[in-house]
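**Student:** Right, I'll just put the structure down here and ask away after.
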Amino acid sequence: MDLSWNEHEIAFREQVREFTEKNLPPDIREKQMHHRRLAKDDYIRWHRILAQQGWGAPNWPKEYGGTGWNAVERLLFEIETFKAGAPRLLSFGLTMIGPVLIKFGNQQQKDYYLPRIITVEDWWCQGYSEPGSGSDLASLKTRAERVGDKYIINGQKTWTTLGHHADWMFCLCRTDPAAKAQRGISMILIDLRQPGVTVRPIKTLDGGAEVNEVWLENVEAPIENLVGQENEGWTYAKYLLGHERTGIAGIGHCHRELNILKRMVNEAMASGDSLSLDHRVMDQVNQIEAQVLALEMLLLRVAADSTAGPGPQASILKIRGSELQQELARLQMQVAGPNAWAYDPAWMRQENDFHGPGGEFDIGAAATYFDNRKTTIYGGTNEIQKGIIVKHIIGV
Ligand SMILES: Cc1cc2nc3c(=O)[nH]c(=O)nc-3n(C[C@H](O)[C@H](O)[C@H](O)COP(=O)(O)OP(=O)(O)OC[C@H]3O[C@@H](n4cnc5c(N)ncnc54)[C@H](O)[C@@H]3O)c2cc1C
């Protein structure tokens, strides 16, 4: 396998770089690079800029409005846009429910939902986890009862990322309580803008409130909102998780944070900070750079090997990517040192402009560090991923 970039790829990378440089709104870039929180509108603006260019769905086939890019092009797009300070693309529509509808949805669902995902007419969230049903997802209790031509849904979901922005939830519901756990689950699309839906924020370690609890009380969904077949939702749920985990590898994010780390080291050195001049810090920066490049190679190899979508290898990418994201945040915190004390959630939400001491990135270091505690948990914990690797790759 040749892992060097060919002429087309180099030109493609240049095209993405130039486009992003010219079209990414500076206020979004500024927030993203300094680890300040993005507003709902920031994500939507960037999505629509990309959609206008025909790049709104980098991971979808052309016939559904996607770019039809191959794995290398998608990787280059992710790295270059992230390095330039672009927001992550909203995964709930693009890399989760989108691919599921493309593979398992009916024509009507494809025609209606897919174009709306590309322009974020609908903001999606993921209704999988429940209190007591995280790793043991198949034990979920949210109940969908078929009454005439609709489902009546009752239950509670938790950890719903950006659910406070969402219009729609793809939701795993129990449709046959008598069946074996995995057999009686269905995937249902729920319009969250109806009575009976309550969304409450969960405050996180970094002072943010990105995750939510969602209550569903006698919420309705017409039977047209069932994805695929009733009671077969587990199959679609697993397919979706493979895509989610590959996305969590976050190679673009790793490259951006690596660049920020290097800039922090340079700033600290210029100011004569003895910690950053320490060769042990430099050694760790060099090591993590090598590891980010190794992850990139791994992503390319997995992409080149998989014709049927992400398989259990996605678990390897999830583990490695999440560990590197945590390590990059830890190093940034180490380089910021005592200057990280200035961290203030109100600053993250642009509610004040108090910057505190130190270099330009120091103030965001603590929030990033705390926020990144989540990466080894969400999308299925790393312990669970190791179980999948042992069972499906090593074969024990
Ligand atoms: C920031 C964040 C965002 C999230 N966003 C969403 C979202 O948008 N939508 C959604 O549906 N869910 C979301 N989740 C939920 C996430 O997928 C779950 O937290 C995750 O699957 C773990 O489940 P749990 O929290 O119930 O932990 P538990 O299952 O209770 O696990 C607790 C600990 O026990 C370990 N453990 C459990 N079983 C085993 C086993 N068999 N072998 C070895 N170790 C085991 C786990 O690894 C973990 O360390 C999010 C979570 C976080 C933290």
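As shown in the structure tokens, the chain order sets the letters A, B, ...; within each chain, residues go from 1, and ligands are also counted from 1 in the order they appear.
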May I have the residues within 7 Å of segment 79-95 of chain A as a PyMOL selection string, using only C-alpha atoms and disregarding those fewer than 4 positions away in the same chain?
**Tutor:** chain A and resi 16-17+20-21+24+29+32-33+43+57+75+99+117+124-126+243-244+251-253+255-256
**Student:** Sort by chain and increasing residue number a table of all residues of chain A within 9 Å of ligand 1, each with its closest pair of atoms and their distance in Å to one decimal, counting only C-alpha atoms and all ligand atoms, and write it as a tab-separated table.
**Tutor:**
residue	atom	partner	partner_atom_place_in_ligand_line	distance
A:Phe92	CA	ligand 1	8 (O)	8.1
A:Cys125	CA	ligand 1	8 (O)	6.1
A:Gln126	CA	ligand 1	9 (N)	4.3
A:Gly127	CA	ligand 1	11 (O)	4.5
A:Tyr128	CA	ligand 1	11 (O)	3.3
A:Ser129	CA	ligand 1	11 (O)	3.8
A:Glu130	CA	ligand 1	11 (O)	7.2
A:Pro131	CA	ligand 1	26 (O)	6.6
A:Gly132	CA	ligand 1	26 (O)	5.6
A:Ser133	CA	ligand 1	26 (O)	5.4
A:Gly134	CA	ligand 1	23 (O)	3.2
A:Ser135	CA	ligand 1	29 (O)	3.6
A:Asp136	CA	ligand 1	29 (O)	5.9
A:Leu137	CA	ligand 1	21 (O)	7.4
A:Lys157	CA	ligand 1	11 (O)	7.0
A:Thr158	CA	ligand 1	12 (N)	6.4
A:Trp159	CA	ligand 1	13 (C)	4.5
A:Thr160	CA	ligand 1	8 (O)	3.8
A:Thr161	CA	ligand 1	8 (O)	3.8
A:Leu162	CA	ligand 1	8 (O)	7.1
A:Gly163	CA	ligand 1	8 (O)	7.4
A:Cys171	CA	ligand 1	11 (O)	8.3
A:Leu172	CA	ligand 1	11 (O)	8.8
A:Thr204	CA	ligand 1	1 (C)	8.1
A:Glu210	CA	ligand 1	1 (C)	7.6
A:Val211	CA	ligand 1	3 (C)	6.0
A:Asn212	CA	ligand 1	8 (O)	8.3
A:Asp371	CA	ligand 1	1 (C)	7.9
A:Asn372	CA	ligand 1	1 (C)	8.6
A:Arg373	CA	ligand 1	53 (C)	8.1
A:Lys374	CA	ligand 1	53 (C)	4.8
A:Thr375	CA	ligand 1	1 (C)	7.2
A:Thr376	CA	ligand 1	53 (C)	8.2
A:Ile377	CA	ligand 1	53 (C)	5.3
A:Tyr378	CA	ligand 1	16 (C)	4.1
A:Gly379	CA	ligand 1	17 (O)	4.5
A:Gly380	CA	ligand 1	21 (O)	3.9
A:Thr381	CA	ligand 1	47 (O)	4.7
A:Asn382	CA	ligand 1	47 (O)	6.2
A:Glu383	CA	ligand 1	47 (O)	4.4
A:Ile384	CA	ligand 1	42 (N)	5.4
A:Gln385	CA	ligand 1	47 (O)	8.5
A:Lys386	CA	ligand 1	43 (C)	8.1
A:Gly387	CA	ligand 1	42 (N)	6.6
**Student:** Can you pull out every residue within 8 Å of Trp60 of chain A, counting only C-alpha atoms, but drop anything in the same chain fewer than 5 positions away, and send it as JSON, numbers by chain?
**Tutor:** {"A": [65, 66, 67, 68, 69, 99]}
**Student:** Export, as a tab-separated table (two decimals), in the first residue's frame, the selected residues with N, CA and C atoms.
**Tutor:**
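Output contents, as saved in part-v2.tsv:
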chain	number	residue	atom	x	y	z
A	65	GLY	N	-26.59	13.65	-2.75
A	65	GLY	CA	-26.16	15.03	-2.49
A	65	GLY	C	-24.80	15.10	-1.82
A	66	GLY	N	-24.13	13.96	-1.72
A	66	GLY	CA	-22.79	13.94	-1.12
A	66	GLY	C	-21.72	14.32	-2.12
A	67	THR	N	-20.48	14.28	-1.66
A	67	THR	CA	-19.36	14.64	-2.53
A	67	THR	C	-18.86	13.46	-3.34
A	68	GLY	N	-19.15	12.25	-2.86
A	68	GLY	CA	-18.61	11.06	-3.51
A	68	GLY	C	-17.11	10.93	-3.30
A	69	TRP	N	-16.55	11.65	-2.36
A	69	TRP	CA	-15.10	11.58	-2.12
A	69	TRP	C	-14.68	10.21	-1.62
A	99	PRO	N	-26.14	7.96	7.04
A	99	PRO	CA	-25.75	6.67	6.46
A	99	PRO	C	-26.76	5.55	6.74
**Student:** List every residue of segment 128-302 of chain A that DSSP, applied to the backbone of this structure, places in alpha helix (DSSP H), and write the result as a PyMOL selection string.
**Tutor:** chain A and resi 233-248+251-270+274-277+279-302
**Student:** Using only C-alpha atoms, what table do you get, as a tab-separated table, when you list each residue of segment 290-343 of chain A with an atom no more than 12 Å from segment 262-285 of chain A, its nearest pair of atoms, and their distance in Å rounded to one decimal, rows by chain then rising number?
**Tutor:**
residue	atom	partner	partner_atom	distance
A:Ala290	CA	A:Val285	CA	8.8
A:Gln291	CA	A:Val285	CA	9.9
A:Val292	CA	A:Val285	CA	10.6
A:Leu324	CA	A:Val285	CA	11.7
A:Glu327	CA	A:Gln284	CA	9.8
A:Leu328	CA	A:Val285	CA	8.7
A:Ala329	CA	A:Val285	CA	11.6
A:Arg330	CA	A:Gln284	CA	10.8
A:Leu331	CA	A:Val285	CA	7.8
A:Gln332	CA	A:Met264	CA	7.4
A:Met333	CA	A:Met264	CA	10.0
A:Gln334	CA	A:Val281	CA	8.6
A:Val335	CA	A:Ser276	CA	6.1
A:Ala336	CA	A:Met264	CA	7.4
A:Gly337	CA	A:Leu275	CA	8.4
A:Pro338	CA	A:Leu275	CA	11.0
A:Asn339	CA	A:Ala268	CA	10.7
A:Ala340	CA	A:Met264	CA	11.9
**Student:** With C-alpha atoms retained, export the selected residues as a PDB file, in the first residue's frame.
**Tutor:**
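Output contents, as saved in selection02.pdb:
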ATOM      1  CA  ALA A 290       4.538  10.874  15.749  1.00  0.00           C
ATOM      2  CA  GLN A 291       1.478   9.256  17.311  1.00  0.00           C
ATOM      3  CA  VAL A 292      -0.928  11.609  15.504  1.00  0.00           C
ATOM      4  CA  LEU A 324      -4.572  11.061  21.829  1.00  0.00           C
ATOM      5  CA  GLU A 327      -3.075  13.415  25.883  1.00  0.00           C
ATOM      6  CA  LEU A 328      -2.964  16.551  23.707  1.00  0.00           C
ATOM      7  CA  ALA A 329      -5.225  18.341  26.178  1.00  0.00           C
ATOM      8  CA  ARG A 330      -3.041  17.183  29.073  1.00  0.00           C
ATOM      9  CA  LEU A 331       0.098  18.531  27.387  1.00  0.00           C
ATOM     10  CA  GLN A 332      -1.588  21.868  26.652  1.00  0.00           C
ATOM     11  CA  MET A 333      -2.540  22.073  30.326  1.00  0.00           C
ATOM     12  CA  GLN A 334       1.045  21.238  31.313  1.00  0.00           C
ATOM     13  CA  VAL A 335       2.499  23.938  29.069  1.00  0.00           C
ATOM     14  CA  ALA A 336      -0.053  26.525  30.260  1.00  0.00           C
ATOM     15  CA  GLY A 337       0.910  25.604  33.825  1.00  0.00           C
ATOM     16  CA  PRO A 338      -0.361  28.083  36.430  1.00  0.00           C
ATOM     17  CA  ASN A 339      -1.721  30.367  33.670  1.00  0.00           C
ATOM     18  CA  ALA A 340      -4.537  27.869  33.177  1.00  0.00           C
TER      19      ALA A 340
END
**Student:** Tell me which protein, DNA and RNA residues are within 8 Å of Val197 of chain A, counting only C-alpha atoms, leaving out same-chain ones fewer than 4 positions away, and put them as a list in words.
**Tutor:**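 So the residues in contact are Leu192, Arg193, Val214, Trp215, Leu216, Glu217 and Val219 of chain A.
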**Student:** Could you tell me which of A:Leu299, A:Val227, A:Ile118, A:Ile190 comes closest to Gly54 of chain A if we count only C-alpha atoms?
**Tutor:**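 Of the candidates, the smallest distance to Gly54 of chain A is held by A:Ile118.
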**Student:** Quick one: residues within 9 Å of Ala342 of chain A, only C-alpha atoms counted, chain neighbours fewer than 3 positions away excluded, as number ranges by chain?
**Tutor:** A: 338-339, 354-357, 362-364, 366
**Student:** What does the file look like for those residues with all heavy atoms, as a PDB file, in the first residue's frame?
**Tutor:**
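Output contents, as saved in result32.pdb:
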ATOM      1  N   PRO A 338       0.507  27.291  35.544  1.00  0.00           N
ATOM      2  CA  PRO A 338      -0.361  28.083  36.430  1.00  0.00           C
ATOM      3  C   PRO A 338      -1.239  29.074  35.670  1.00  0.00           C
ATOM      4  O   PRO A 338      -2.264  29.503  36.188  1.00  0.00           O
ATOM      5  CB  PRO A 338       0.624  28.841  37.322  1.00  0.00           C
ATOM      6  CG  PRO A 338       1.947  28.201  37.123  1.00  0.00           C
ATOM      7  CD  PRO A 338       1.935  27.490  35.812  1.00  0.00           C
ATOM      8  N   ASN A 339      -0.880  29.415  34.427  1.00  0.00           N
ATOM      9  CA  ASN A 339      -1.721  30.367  33.670  1.00  0.00           C
ATOM     10  C   ASN A 339      -3.097  29.799  33.350  1.00  0.00           C
ATOM     11  O   ASN A 339      -4.012  30.534  32.984  1.00  0.00           O
ATOM     12  CB  ASN A 339      -1.040  30.775  32.367  1.00  0.00           C
ATOM     13  CG  ASN A 339       0.182  31.623  32.624  1.00  0.00           C
ATOM     14  OD1 ASN A 339       0.270  32.269  33.671  1.00  0.00           O
ATOM     15  ND2 ASN A 339       1.130  31.608  31.707  1.00  0.00           N
ATOM     16  N   PHE A 354     -12.478  38.770  29.989  1.00  0.00           N
ATOM     17  CA  PHE A 354     -11.308  38.715  30.865  1.00  0.00           C
ATOM     18  C   PHE A 354     -10.398  37.574  30.422  1.00  0.00           C
ATOM     19  O   PHE A 354     -10.797  36.405  30.412  1.00  0.00           O
ATOM     20  CB  PHE A 354     -11.757  38.485  32.316  1.00  0.00           C
ATOM     21  CG  PHE A 354     -10.603  38.161  33.222  1.00  0.00           C
ATOM     22  CD1 PHE A 354      -9.631  39.120  33.490  1.00  0.00           C
ATOM     23  CD2 PHE A 354     -10.475  36.906  33.796  1.00  0.00           C
ATOM     24  CE1 PHE A 354      -8.548  38.820  34.308  1.00  0.00           C
ATOM     25  CE2 PHE A 354      -9.401  36.601  34.615  1.00  0.00           C
ATOM     26  CZ  PHE A 354      -8.439  37.560  34.873  1.00  0.00           C
ATOM     27  N   HIS A 355      -9.180  37.907  30.036  1.00  0.00           N
ATOM     28  CA  HIS A 355      -8.321  36.891  29.466  1.00  0.00           C
ATOM     29  C   HIS A 355      -7.384  36.230  30.471  1.00  0.00           C
ATOM     30  O   HIS A 355      -7.005  35.067  30.329  1.00  0.00           O
ATOM     31  CB  HIS A 355      -7.514  37.487  28.308  1.00  0.00           C
ATOM     32  CG  HIS A 355      -6.724  36.442  27.593  1.00  0.00           C
ATOM     33  ND1 HIS A 355      -5.510  35.983  28.059  1.00  0.00           N
ATOM     34  CD2 HIS A 355      -7.000  35.715  26.494  1.00  0.00           C
ATOM     35  CE1 HIS A 355      -5.068  35.023  27.245  1.00  0.00           C
ATOM     36  NE2 HIS A 355      -5.962  34.854  26.289  1.00  0.00           N
ATOM     37  N   GLY A 356      -6.990  36.929  31.504  1.00  0.00           N
ATOM     38  CA  GLY A 356      -6.054  36.354  32.466  1.00  0.00           C
ATOM     39  C   GLY A 356      -4.625  36.422  31.963  1.00  0.00           C
ATOM     40  O   GLY A 356      -4.367  36.943  30.869  1.00  0.00           O
ATOM     41  N   PRO A 357      -3.680  35.865  32.723  1.00  0.00           N
ATOM     42  CA  PRO A 357      -2.266  35.960  32.345  1.00  0.00           C
ATOM     43  C   PRO A 357      -1.896  34.925  31.276  1.00  0.00           C
ATOM     44  O   PRO A 357      -2.711  34.081  30.916  1.00  0.00           O
ATOM     45  CB  PRO A 357      -1.556  35.636  33.656  1.00  0.00           C
ATOM     46  CG  PRO A 357      -2.487  34.701  34.351  1.00  0.00           C
ATOM     47  CD  PRO A 357      -3.875  35.111  33.961  1.00  0.00           C
ATOM     48  N   ASP A 362      -3.640  29.895  26.715  1.00  0.00           N
ATOM     49  CA  ASP A 362      -3.580  29.348  28.077  1.00  0.00           C
ATOM     50  C   ASP A 362      -4.943  29.312  28.750  1.00  0.00           C
ATOM     51  O   ASP A 362      -5.271  28.376  29.477  1.00  0.00           O
ATOM     52  CB  ASP A 362      -2.602  30.161  28.946  1.00  0.00           C
ATOM     53  CG  ASP A 362      -1.159  29.962  28.488  1.00  0.00           C
ATOM     54  OD1 ASP A 362      -0.955  29.193  27.526  1.00  0.00           O
ATOM     55  OD2 ASP A 362      -0.253  30.572  29.070  1.00  0.00           O
ATOM     56  N   ILE A 363      -5.745  30.334  28.507  1.00  0.00           N
ATOM     57  CA  ILE A 363      -7.033  30.428  29.206  1.00  0.00           C
ATOM     58  C   ILE A 363      -7.977  29.272  28.848  1.00  0.00           C
ATOM     59  O   ILE A 363      -8.797  28.844  29.656  1.00  0.00           O
ATOM     60  CB  ILE A 363      -7.717  31.793  28.956  1.00  0.00           C
ATOM     61  CG1 ILE A 363      -8.977  31.885  29.819  1.00  0.00           C
ATOM     62  CG2 ILE A 363      -7.994  32.034  27.491  1.00  0.00           C
ATOM     63  CD1 ILE A 363      -9.675  33.210  29.776  1.00  0.00           C
ATOM     64  N   GLY A 364      -7.836  28.732  27.633  1.00  0.00           N
ATOM     65  CA  GLY A 364      -8.738  27.640  27.233  1.00  0.00           C
ATOM     66  C   GLY A 364      -8.240  26.262  27.636  1.00  0.00           C
ATOM     67  O   GLY A 364      -8.954  25.273  27.471  1.00  0.00           O
ATOM     68  N   ALA A 366      -7.601  24.637  30.511  1.00  0.00           N
ATOM     69  CA  ALA A 366      -8.258  23.837  31.554  1.00  0.00           C
ATOM     70  C   ALA A 366      -9.596  23.286  31.057  1.00  0.00           C
ATOM     71  O   ALA A 366      -9.911  22.108  31.274  1.00  0.00           O
ATOM     72  CB  ALA A 366      -8.461  24.685  32.805  1.00  0.00           C
TER      73      ALA A 366
END
